[in-house]
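J.: My structure file protein26.cif, mmCIF, C-alpha atoms, is below:
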```cif
data_query
loop_
_atom_site.label_atom_id
_atom_site.label_comp_id
_atom_site.auth_asym_id
_atom_site.auth_seq_id
_atom_site.Cartn_x
_atom_site.Cartn_y
_atom_site.Cartn_z
CA MET A 1 -18.03 49.33 -15.33
CA ALA A 2 -15.47 47.58 -13.14
CA LYS A 3 -17.98 47.57 -10.26
CA LYS A 4 -20.58 45.96 -12.53
CA ARG A 5 -18.12 43.26 -13.56
CA ARG A 6 -17.43 42.46 -9.91
CA LYS A 7 -21.16 42.10 -9.26
CA VAL A 8 -21.56 39.75 -12.22
CA HIS A 9 -18.58 37.69 -11.02
CA LYS A 10 -20.04 37.40 -7.52
CA ALA A 11 -23.43 36.44 -8.93
CA ALA A 12 -21.81 33.71 -11.05
CA LYS A 13 -19.99 32.32 -8.00
CA PHE A 14 -23.22 32.34 -6.01
CA MET A 15 -25.09 30.50 -8.76
CA ALA A 16 -22.32 27.88 -9.00
CA ALA A 17 -22.39 27.33 -5.24
CA ASP A 18 -26.18 27.16 -5.32
CA LEU A 19 -26.10 24.48 -8.03
CA ILE A 20 -23.59 22.45 -6.04
CA SER A 21 -25.69 22.70 -2.89
CA GLN A 22 -28.63 21.13 -4.72
CA LEU A 23 -26.73 17.93 -5.51
CA PRO A 24 -27.94 14.79 -3.69
CA ASP A 25 -26.01 13.93 -0.53
CA HIS A 26 -24.57 10.72 -1.95
CA VAL A 27 -23.16 12.62 -4.94
CA ILE A 28 -21.49 15.19 -2.69
CA HIS A 29 -20.07 12.42 -0.51
CA HIS A 30 -18.69 10.71 -3.61
CA ILE A 31 -17.01 13.93 -4.76
CA LEU A 32 -15.48 14.64 -1.36
CA SER A 33 -14.21 11.07 -1.00
CA PHE A 34 -11.58 11.73 -3.67
CA LEU A 35 -10.10 14.67 -1.78
CA PRO A 36 -7.59 14.74 1.09
CA THR A 37 -9.57 15.45 4.23
CA ILE A 38 -8.07 18.91 4.67
CA TYR A 39 -9.53 19.96 1.32
CA ALA A 40 -12.86 18.30 2.06
CA VAL A 41 -13.06 20.38 5.24
CA ARG A 42 -12.28 23.54 3.29
CA MET A 43 -15.06 22.70 0.84
CA SER A 44 -17.50 23.19 3.70
CA LEU A 45 -17.13 26.94 3.12
CA LEU A 46 -18.83 26.71 -0.28
CA SER A 47 -22.34 26.91 1.05
CA ARG A 48 -24.45 26.36 4.15
CA ARG A 49 -25.57 22.99 2.78
CA TRP A 50 -21.95 21.80 2.67
CA ARG A 51 -21.06 23.00 6.16
CA ARG A 52 -21.31 19.60 7.83
CA MET A 53 -21.38 17.44 4.74
CA TRP A 54 -17.83 16.20 5.26
CA TYR A 55 -18.82 14.79 8.67
CA SER A 56 -20.27 11.74 6.93
CA ILE A 57 -17.99 11.11 3.94
CA PRO A 58 -16.77 7.48 3.79
CA THR A 59 -13.09 8.37 3.25
CA LEU A 60 -10.54 10.03 5.54
CA LYS A 61 -7.10 10.96 4.19
CA PHE A 62 -4.43 12.57 6.37
CA ASN A 63 -0.97 13.52 5.10
CA ASP A 64 1.40 15.62 7.19
CA ASN A 65 2.88 17.13 4.03
CA GLN A 66 -0.39 19.00 3.49
CA ILE A 67 -0.47 20.82 6.82
CA LYS A 68 2.02 22.47 9.16
CA GLU A 69 3.70 20.04 11.54
CA GLU A 70 2.54 21.83 14.69
CA LEU A 71 -1.07 21.72 13.48
CA PHE A 72 -1.23 18.15 12.20
CA TYR A 73 -2.08 16.35 15.45
CA ASN A 74 -4.88 18.76 16.44
CA PHE A 75 -6.29 18.67 12.92
CA VAL A 76 -6.60 14.87 12.93
CA GLU A 77 -8.05 14.90 16.45
CA GLN A 78 -10.69 17.48 15.57
CA CYS A 79 -11.61 15.72 12.34
CA LEU A 80 -12.17 12.42 14.10
CA LYS A 81 -14.17 14.19 16.80
CA HIS A 82 -16.48 15.74 14.20
CA ARG A 83 -16.59 12.46 12.30
CA LEU A 84 -17.88 10.80 15.46
CA MET A 85 -20.62 13.43 15.62
CA GLY A 86 -21.53 12.54 12.05
CA ILE A 87 -21.78 8.85 12.88
CA ARG A 88 -24.01 9.56 15.89
CA GLY A 89 -26.27 11.76 13.79
CA ASN A 90 -26.47 9.24 10.96
CA THR A 91 -26.16 5.57 11.83
CA THR A 92 -25.71 4.64 8.16
CA SER A 93 -22.60 6.84 7.93
CA VAL A 94 -19.49 4.63 8.00
CA ILE A 95 -15.78 4.96 7.24
CA THR A 96 -14.75 2.61 4.42
CA ARG A 97 -11.28 4.00 3.62
CA PHE A 98 -8.61 5.47 5.90
CA GLU A 99 -5.23 6.85 4.85
CA LEU A 100 -2.51 8.07 7.22
CA ASP A 101 0.84 9.24 5.85
CA ILE A 102 3.38 10.60 8.33
CA SER A 103 6.78 11.58 7.00
CA HIS A 104 8.09 14.26 9.38
CA CYS A 105 5.61 15.01 12.18
CA ARG A 106 6.42 13.82 15.69
CA VAL A 107 3.35 11.87 16.76
CA GLU A 108 3.24 9.50 19.72
CA SER A 109 2.39 5.87 19.01
CA SER A 110 -0.48 6.01 21.54
CA GLN A 111 -2.06 8.79 19.48
CA VAL A 112 -1.86 6.79 16.26
CA ASP A 113 -3.23 3.76 18.14
CA ARG A 114 -6.25 5.82 19.12
CA TRP A 115 -6.83 6.98 15.54
CA LEU A 116 -6.61 3.46 14.17
CA SER A 117 -8.83 2.06 16.90
CA PHE A 118 -11.44 4.65 15.95
CA VAL A 119 -11.50 3.65 12.26
CA ALA A 120 -10.95 -0.09 12.77
CA GLN A 121 -14.65 -0.86 12.55
CA PRO A 122 -16.48 -3.65 10.66
CA HIS A 123 -17.21 -1.45 7.62
CA LEU A 124 -13.58 -0.45 6.93
CA LYS A 125 -12.47 -1.84 3.55
CA GLU A 126 -9.23 0.02 2.80
CA LEU A 127 -6.44 0.89 5.22
CA HIS A 128 -3.29 2.75 4.17
CA VAL A 129 -0.73 3.56 6.86
CA GLU A 130 2.76 4.78 6.03
CA MET A 131 5.56 5.95 8.27
CA ASP A 132 8.41 7.33 6.19
CA THR A 133 11.95 6.02 6.75
CA PHE A 134 12.86 9.47 8.07
CA TYR A 135 10.29 8.94 10.82
CA SER A 136 11.99 5.69 11.79
CA ARG A 137 15.49 7.19 11.71
CA ARG A 138 14.44 9.63 14.41
CA GLY A 139 14.19 6.66 16.75
CA ILE A 140 10.40 6.68 17.03
CA PRO A 141 9.34 3.35 15.53
CA TYR A 142 5.61 2.80 15.40
CA TYR A 143 4.25 -0.57 16.49
CA LEU A 144 1.07 -1.21 14.58
CA PRO A 145 -1.73 -2.63 16.76
CA GLN A 146 -2.88 -6.10 15.78
CA VAL A 147 -6.54 -5.05 15.85
CA ALA A 148 -5.97 -3.04 12.68
CA LEU A 149 -4.63 -6.12 10.86
CA ASN A 150 -7.36 -8.60 11.74
CA LEU A 151 -10.41 -6.82 10.36
CA THR A 152 -12.42 -9.29 8.29
CA SER A 153 -13.93 -6.42 6.29
CA LEU A 154 -10.56 -5.26 4.88
CA THR A 155 -10.06 -5.79 1.13
CA ILE A 156 -7.02 -3.51 0.64
CA LEU A 157 -4.14 -3.09 3.11
CA ASN A 158 -1.12 -0.88 2.44
CA LEU A 159 1.63 -0.70 5.07
CA GLY A 160 4.81 1.33 4.71
CA TYR A 161 7.92 1.47 6.92
CA MET A 162 6.68 0.52 10.34
CA GLU A 163 7.01 -2.20 12.92
CA LEU A 164 4.48 -4.49 14.52
CA GLN A 165 4.34 -5.14 18.22
CA ASP A 166 4.68 -8.90 18.53
CA LEU A 167 4.21 -11.08 21.60
CA ASP A 168 7.25 -13.16 20.63
CA GLU A 169 9.63 -10.20 20.41
CA GLN A 170 12.44 -12.08 22.12
CA PHE A 171 12.88 -14.34 19.11
CA PHE A 172 11.34 -12.41 16.24
CA PRO A 173 11.47 -8.65 16.94
CA TYR A 174 10.24 -7.79 13.43
CA ASN A 175 7.30 -10.09 12.79
CA LEU A 176 4.26 -9.16 10.77
CA GLN A 177 1.12 -11.26 11.10
CA ILE A 178 -1.97 -10.40 9.08
CA SER A 179 -5.28 -12.24 9.19
CA SER A 180 -8.27 -11.13 7.15
CA SER A 181 -10.63 -13.42 5.28
CA ASN A 182 -11.72 -10.80 2.72
CA LEU A 183 -8.34 -9.19 2.03
CA LYS A 184 -7.58 -9.07 -1.72
CA PHE A 185 -4.70 -6.61 -2.13
CA LEU A 186 -1.72 -6.36 0.22
CA HIS A 187 1.23 -3.98 -0.17
CA ILE A 188 4.05 -4.03 2.41
CA GLU A 189 7.16 -1.84 2.58
CA GLY A 190 9.80 -2.11 5.26
CA ALA A 191 12.29 -4.57 6.75
CA TRP A 192 10.85 -7.66 8.43
CA ASP A 193 12.27 -10.92 9.75
CA ARG A 194 9.12 -12.90 9.11
CA ILE A 195 5.77 -12.24 7.49
CA GLN A 196 2.75 -14.47 7.98
CA VAL A 197 -0.42 -13.79 6.02
CA GLU A 198 -3.67 -15.67 6.47
CA ALA A 199 -5.98 -14.35 3.78
CA ARG A 200 -7.77 -16.95 1.71
CA SER A 201 -9.17 -14.30 -0.69
CA LEU A 202 -5.83 -12.58 -1.35
CA GLU A 203 -5.19 -11.93 -5.07
CA SER A 204 -2.20 -9.56 -5.09
CA LEU A 205 0.78 -9.26 -2.76
CA VAL A 206 3.68 -6.82 -3.08
CA TYR A 207 6.57 -6.88 -0.61
CA LEU A 208 9.35 -4.29 -0.84
CA GLY A 209 11.79 -5.06 1.92
CA GLY A 210 15.25 -5.17 0.44
CA ILE A 211 16.52 -7.72 3.00
CA SER A 212 16.00 -11.42 3.59
CA CYS A 213 12.61 -12.26 5.00
CA ASP A 214 10.94 -15.55 5.85
CA PHE A 215 7.43 -15.87 4.35
CA ASN A 216 4.38 -17.88 5.29
CA PHE A 217 1.58 -17.38 2.77
CA ALA A 218 0.34 -20.96 2.81
CA SER A 219 -3.35 -20.04 3.07
CA CYS A 220 -3.27 -17.63 0.09
CA LYS A 221 -4.34 -20.14 -2.56
CA LYS A 222 -6.09 -17.52 -4.74
CA LEU A 223 -2.97 -15.39 -5.22
CA THR A 224 -2.50 -14.36 -8.87
CA HIS A 225 0.07 -11.56 -8.55
CA LEU A 226 3.24 -11.71 -6.41
CA SER A 227 6.09 -9.20 -6.31
CA VAL A 228 8.93 -9.68 -3.83
CA ASP A 229 12.03 -7.56 -3.13
CA GLY A 230 13.84 -9.33 -0.34
CA GLY A 231 13.14 -12.91 0.71
CA TYR A 232 14.85 -15.96 2.06
CA PHE A 233 15.14 -19.16 0.05
CA ILE A 234 18.05 -21.46 0.86
CA CYS A 235 17.80 -23.24 -2.47
CA ASP A 236 15.73 -23.56 -5.61
CA GLU A 237 13.82 -26.47 -4.08
CA ARG A 238 12.60 -24.31 -1.20
CA PHE A 239 11.59 -21.57 -3.61
CA GLN A 240 9.78 -24.10 -5.78
CA ASN A 241 7.84 -25.34 -2.79
CA PHE A 242 6.97 -21.72 -2.03
CA ILE A 243 5.45 -20.79 -5.42
CA SER A 244 3.83 -24.18 -5.91
CA GLY A 245 1.55 -23.19 -3.06
CA PHE A 246 -0.09 -20.65 -5.40
CA PRO A 247 -1.81 -22.73 -8.08
CA LEU A 248 -3.46 -19.65 -9.69
CA LEU A 249 -0.30 -17.50 -9.84
CA GLU A 250 -0.07 -15.59 -13.15
CA SER A 251 2.40 -12.76 -12.47
CA LEU A 252 5.69 -13.05 -10.55
CA THR A 253 8.36 -10.39 -9.95
CA LEU A 254 11.54 -11.24 -8.01
CA LYS A 255 14.36 -8.89 -7.10
CA GLY A 256 17.72 -9.84 -5.64
CA TYR A 257 17.65 -13.62 -5.97
CA ASP A 258 20.22 -16.12 -7.27
CA LEU A 259 17.69 -18.79 -8.21
CA VAL A 260 18.39 -20.89 -11.29
CA ASP A 261 15.25 -23.00 -11.55
CA ILE A 262 11.76 -21.52 -11.82
CA ARG A 263 8.80 -23.74 -12.69
CA HIS A 264 5.10 -22.95 -12.73
CA GLN A 265 2.39 -24.30 -14.98
CA TYR A 266 0.10 -21.24 -15.09
CA LEU A 267 2.59 -18.39 -14.85
CA LYS A 268 2.03 -15.77 -17.60
CA VAL A 269 4.32 -12.88 -16.62
CA LEU A 270 7.81 -13.24 -15.07
CA VAL A 271 10.22 -10.42 -14.18
CA LEU A 272 13.64 -11.05 -12.61
CA VAL A 273 15.80 -8.23 -11.26
CA LYS A 274 19.30 -9.14 -10.12
CA LEU A 275 21.09 -6.89 -7.65
CA GLN A 276 24.58 -5.60 -8.41
CA ASP A 277 25.98 -6.88 -5.14
CA SER A 278 24.53 -10.40 -5.37
CA SER A 279 26.93 -12.75 -3.61
CA GLU A 280 26.98 -15.42 -6.31
CA VAL A 281 26.70 -15.18 -10.09
CA LYS A 282 24.80 -17.96 -11.80
CA SER A 283 25.72 -18.96 -15.34
CA GLN A 284 22.28 -20.23 -16.23
CA ILE A 285 18.62 -19.65 -15.38
CA SER A 286 16.17 -22.39 -16.25
CA ILE A 287 12.50 -21.45 -16.66
CA ASP A 288 9.78 -24.01 -17.21
CA ALA A 289 6.53 -22.08 -17.68
CA PRO A 290 4.51 -23.34 -20.67
CA ASN A 291 1.90 -20.55 -20.40
CA LEU A 292 4.40 -17.70 -20.03
CA VAL A 293 3.71 -14.84 -22.48
CA SER A 294 5.97 -12.09 -21.08
CA PHE A 295 9.49 -12.28 -19.61
CA GLY A 296 11.75 -9.54 -18.29
CA TYR A 297 15.29 -9.68 -16.91
CA ILE A 298 17.54 -6.95 -15.55
CA GLY A 299 20.98 -7.93 -14.28
CA ASP A 300 24.73 -7.94 -14.72
CA ASP A 301 26.37 -9.07 -17.93
CA ALA A 302 28.01 -12.09 -16.27
CA LEU A 303 24.79 -14.04 -16.78
CA LEU A 304 25.53 -16.24 -19.79
CA GLN A 305 22.46 -18.26 -20.51
CA ILE A 306 18.68 -18.29 -20.04
CA VAL A 307 17.03 -21.61 -20.85
CA MET A 308 13.27 -21.42 -21.27
CA ASN A 309 10.47 -23.86 -21.93
CA SER A 310 7.82 -21.29 -22.79
CA PRO A 311 6.31 -22.04 -26.21
CA ASN A 312 3.68 -19.29 -25.83
CA LEU A 313 6.17 -16.49 -25.09
CA LEU A 314 5.24 -13.30 -26.97
CA GLU A 315 7.49 -10.69 -25.35
CA ALA A 316 10.97 -10.68 -23.80
CA ASN A 317 12.88 -7.66 -22.46
CA ILE A 318 16.42 -8.41 -21.31
CA THR A 319 18.82 -5.78 -19.97
CA PHE A 320 22.45 -6.57 -19.07
CA ASN A 321 24.07 -3.88 -16.92
CA SER A 322 27.77 -3.18 -17.07
CA TYR A 323 28.54 -1.37 -13.84
CA GLU A 324 32.21 -0.83 -14.62
CA ASN A 325 31.52 0.97 -17.88
CA GLY A 326 28.37 2.64 -16.63
CA HIS A 327 26.14 1.46 -19.46
CA SER A 328 23.53 -1.19 -20.21
CA MET A 329 22.58 -3.34 -23.18
CA GLU A 330 18.95 -4.06 -23.89
CA TRP A 331 17.52 -6.92 -25.94
CA HIS A 332 13.85 -7.13 -26.92
#
```
Starting from the file, give its structure as structure tokens.
T.:
Amino acid sequence: MAKKRRKVHKAAKFMAADLISQLPDHVIHHILSFLPTIYAVRMSLLSRRWRRMWYSIPTLKFNDNQIKEELFYNFVEQCLKHRLMGIRGNTTSVITRFELDISHCRVESSQVDRWLSFVAQPHLKELHVEMDTFYSRRGIPYYLPQVALNLTSLTILNLGYMELQDLDEQFFPYNLQISSSNLKFLHIEGAWDRIQVEARSLESLVYLGGISCDFNFASCKKLTHLSVDGGYFICDERFQNFISGFPLLESLTLKGYDLVDIRHQYLKVLVLVKLQDSSEVKSQISIDAPNLVSFGYIGDDALLQIVMNSPNLLEANITFNSYENGHSMEWH
């Protein structure tokens, strides 16, 4: 009886694999595109039909947390080698999304350069590259090649904890310059001295730096969402000049600023987060945003007054933190 059950189980598995193998190629590619590449490769064992199917999937995702450190480099190398075979065998096969997440593996910058140069082709739309802070602490900073930042086909760019090799290193050792006419979503993590973005189609920009940074986003006139942790504005006037350059801005999040005057005609969502160790405590914040519908504030309880000209405000969440007593007070 047990032997019969095993036969039935094997037959069921065979039928399932057979059904999967009859799916159209584009459906299989779509399914595999959601998986980390290591799992997509393993899926090739399902059936003969799937054996080389992953060669031509449009997405490659590599994370060194999903494979042993000593095997990571060779795995990526072999995958890209087989991916090249797929491209040669099918000229319509392109890479549209590439993800590389390195948190503990020791990989030489020249090796990563080669990987990025391979995928930095005209059809690439999404690029995600992250080097964990642990990677940087080991004294192996990675200098991202400029060719990966100037692709006109890019629509999404996500960069985490890395450095860019800049020609003007003598004066600005931590400069980031991005130029892409079709870029819509940009997410940057890491400490920079100056960031310059030329992306006329950019709609969303998130910067998580934690230290003062000089920005130049003058060409990003279509920006609707901006979130900044770490920036450099000498005064409210300079900040006002900064956000006035984004006439379509609807959502703004600021962390760690001592600004007292925020004005924007079309702003709908505003969130302010004040750091505990801010050097100066302001007694009043003035907000002039007639179309604002949602406001959030998190800060110390020394802030006495928030003056708002926002007749359309529907929601306000205010949290005063008392660090001495270890508690917070929330108002809604």
J.: Report, in Å with one decimal, the straight-line distance from CA of Leu270 (chain A) to CA of Ile318 (chain A).
T.: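 A separation of 11.7 Å between them.
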J.: Using the chain letters and numbers from the file, give me the residues hit by the PyMOL selection byres ((chain A and resi 64) around 10), as a list of chain:residue names.
T.: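 Applied to this file, the PyMOL selection byres ((chain A and resi 64) around 10) returns A:Phe62, A:Asn63, A:Asn65, A:Gln66, A:Ile67, A:Lys68, A:Glu69, A:Glu70, A:Leu71, A:Phe72, A:Tyr73, A:Val76, A:Leu100, A:Asp101, A:Ile102, A:Ser103, A:His104, A:Cys105.
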J.: Quote the spacing between CA of Leu292 (chain A) and CA of Asn182 (chain A) in Å to one decimal place.
T.: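 Between CA of Leu292 (chain A) and CA of Asn182 (chain A) the gap is 28.7 Å.
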J.: By how many Å are CA of Tyr207 (chain A) and CA of Thr96 (chain A) apart?
T.: 23.9 Å
J.: Calculated over all atoms listed in the file, which of the candidates A:Ala289, A:Ile178, A:Leu248, A:Val107 has the smallest distance to Arg263 (chain A)?
T.: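 Nearest candidate to Arg263 (chain A) out of A:Ala289, A:Ile178, A:Leu248, A:Val107: A:Ala289.
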J.: Please rebuild region 201-222 of chain A with N, CA and C atoms and return the result as a PDB file, in the frame of the given file.
T.:
```
ATOM      1  N   SER A 201      -8.670 -14.997   0.499  1.00  0.00           N
ATOM      2  CA  SER A 201      -9.170 -14.300  -0.690  1.00  0.00           C
ATOM      3  C   SER A 201      -8.104 -13.439  -1.365  1.00  0.00           C
ATOM      4  N   LEU A 202      -6.879 -13.455  -0.841  1.00  0.00           N
ATOM      5  CA  LEU A 202      -5.830 -12.580  -1.350  1.00  0.00           C
ATOM      6  C   LEU A 202      -5.502 -12.878  -2.814  1.00  0.00           C
ATOM      7  N   GLU A 203      -5.478 -11.802  -3.640  1.00  0.00           N
ATOM      8  CA  GLU A 203      -5.190 -11.930  -5.070  1.00  0.00           C
ATOM      9  C   GLU A 203      -3.849 -11.311  -5.451  1.00  0.00           C
ATOM     10  N   SER A 204      -3.433 -10.264  -4.745  1.00  0.00           N
ATOM     11  CA  SER A 204      -2.200  -9.560  -5.090  1.00  0.00           C
ATOM     12  C   SER A 204      -1.402  -9.244  -3.841  1.00  0.00           C
ATOM     13  N   LEU A 205      -0.091  -9.544  -3.885  1.00  0.00           N
ATOM     14  CA  LEU A 205       0.780  -9.260  -2.760  1.00  0.00           C
ATOM     15  C   LEU A 205       2.087  -8.660  -3.267  1.00  0.00           C
ATOM     16  N   VAL A 206       2.427  -7.486  -2.739  1.00  0.00           N
ATOM     17  CA  VAL A 206       3.680  -6.820  -3.080  1.00  0.00           C
ATOM     18  C   VAL A 206       4.463  -6.590  -1.796  1.00  0.00           C
ATOM     19  N   TYR A 207       5.709  -7.086  -1.767  1.00  0.00           N
ATOM     20  CA  TYR A 207       6.570  -6.880  -0.610  1.00  0.00           C
ATOM     21  C   TYR A 207       7.864  -6.220  -1.071  1.00  0.00           C
ATOM     22  N   LEU A 208       8.136  -5.032  -0.535  1.00  0.00           N
ATOM     23  CA  LEU A 208       9.350  -4.290  -0.840  1.00  0.00           C
ATOM     24  C   LEU A 208      10.140  -4.129   0.445  1.00  0.00           C
ATOM     25  N   GLY A 209      11.054  -5.077   0.670  1.00  0.00           N
ATOM     26  CA  GLY A 209      11.790  -5.060   1.920  1.00  0.00           C
ATOM     27  C   GLY A 209      13.270  -4.809   1.754  1.00  0.00           C
ATOM     28  N   GLY A 210      13.839  -5.387   0.705  1.00  0.00           N
ATOM     29  CA  GLY A 210      15.250  -5.170   0.440  1.00  0.00           C
ATOM     30  C   GLY A 210      16.195  -6.047   1.235  1.00  0.00           C
ATOM     31  N   ILE A 211      15.682  -6.806   2.233  1.00  0.00           N
ATOM     32  CA  ILE A 211      16.520  -7.720   3.000  1.00  0.00           C
ATOM     33  C   ILE A 211      15.823  -9.074   3.065  1.00  0.00           C
ATOM     34  N   SER A 212      16.563 -10.081   3.501  1.00  0.00           N
ATOM     35  CA  SER A 212      16.000 -11.420   3.590  1.00  0.00           C
ATOM     36  C   SER A 212      14.857 -11.482   4.574  1.00  0.00           C
ATOM     37  N   CYS A 213      13.803 -12.156   4.165  1.00  0.00           N
ATOM     38  CA  CYS A 213      12.610 -12.260   5.000  1.00  0.00           C
ATOM     39  C   CYS A 213      12.009 -13.644   4.812  1.00  0.00           C
ATOM     40  N   ASP A 214      11.558 -14.237   5.896  1.00  0.00           N
ATOM     41  CA  ASP A 214      10.940 -15.550   5.850  1.00  0.00           C
ATOM     42  C   ASP A 214       9.429 -15.378   5.691  1.00  0.00           C
ATOM     43  N   PHE A 215       8.847 -16.042   4.664  1.00  0.00           N
ATOM     44  CA  PHE A 215       7.430 -15.870   4.350  1.00  0.00           C
ATOM     45  C   PHE A 215       6.618 -17.094   4.734  1.00  0.00           C
ATOM     46  N   ASN A 216       5.372 -16.827   5.107  1.00  0.00           N
ATOM     47  CA  ASN A 216       4.380 -17.880   5.290  1.00  0.00           C
ATOM     48  C   ASN A 216       3.066 -17.386   4.709  1.00  0.00           C
ATOM     49  N   PHE A 217       2.813 -17.767   3.454  1.00  0.00           N
ATOM     50  CA  PHE A 217       1.580 -17.380   2.770  1.00  0.00           C
ATOM     51  C   PHE A 217       0.772 -18.617   2.385  1.00  0.00           C
ATOM     52  N   ALA A 218       0.892 -19.662   3.177  1.00  0.00           N
ATOM     53  CA  ALA A 218       0.340 -20.960   2.810  1.00  0.00           C
ATOM     54  C   ALA A 218      -1.168 -20.933   2.563  1.00  0.00           C
ATOM     55  N   SER A 219      -1.893 -20.056   3.215  1.00  0.00           N
ATOM     56  CA  SER A 219      -3.350 -20.040   3.070  1.00  0.00           C
ATOM     57  C   SER A 219      -3.822 -19.213   1.865  1.00  0.00           C
ATOM     58  N   CYS A 220      -2.897 -18.548   1.185  1.00  0.00           N
ATOM     59  CA  CYS A 220      -3.270 -17.630   0.090  1.00  0.00           C
ATOM     60  C   CYS A 220      -3.341 -18.369  -1.243  1.00  0.00           C
ATOM     61  N   LYS A 221      -4.253 -19.282  -1.371  1.00  0.00           N
ATOM     62  CA  LYS A 221      -4.340 -20.140  -2.560  1.00  0.00           C
ATOM     63  C   LYS A 221      -4.876 -19.417  -3.793  1.00  0.00           C
ATOM     64  N   LYS A 222      -5.507 -18.249  -3.612  1.00  0.00           N
ATOM     65  CA  LYS A 222      -6.090 -17.520  -4.740  1.00  0.00           C
ATOM     66  C   LYS A 222      -5.144 -16.446  -5.293  1.00  0.00           C
TER      67      LYS A 222
END
```
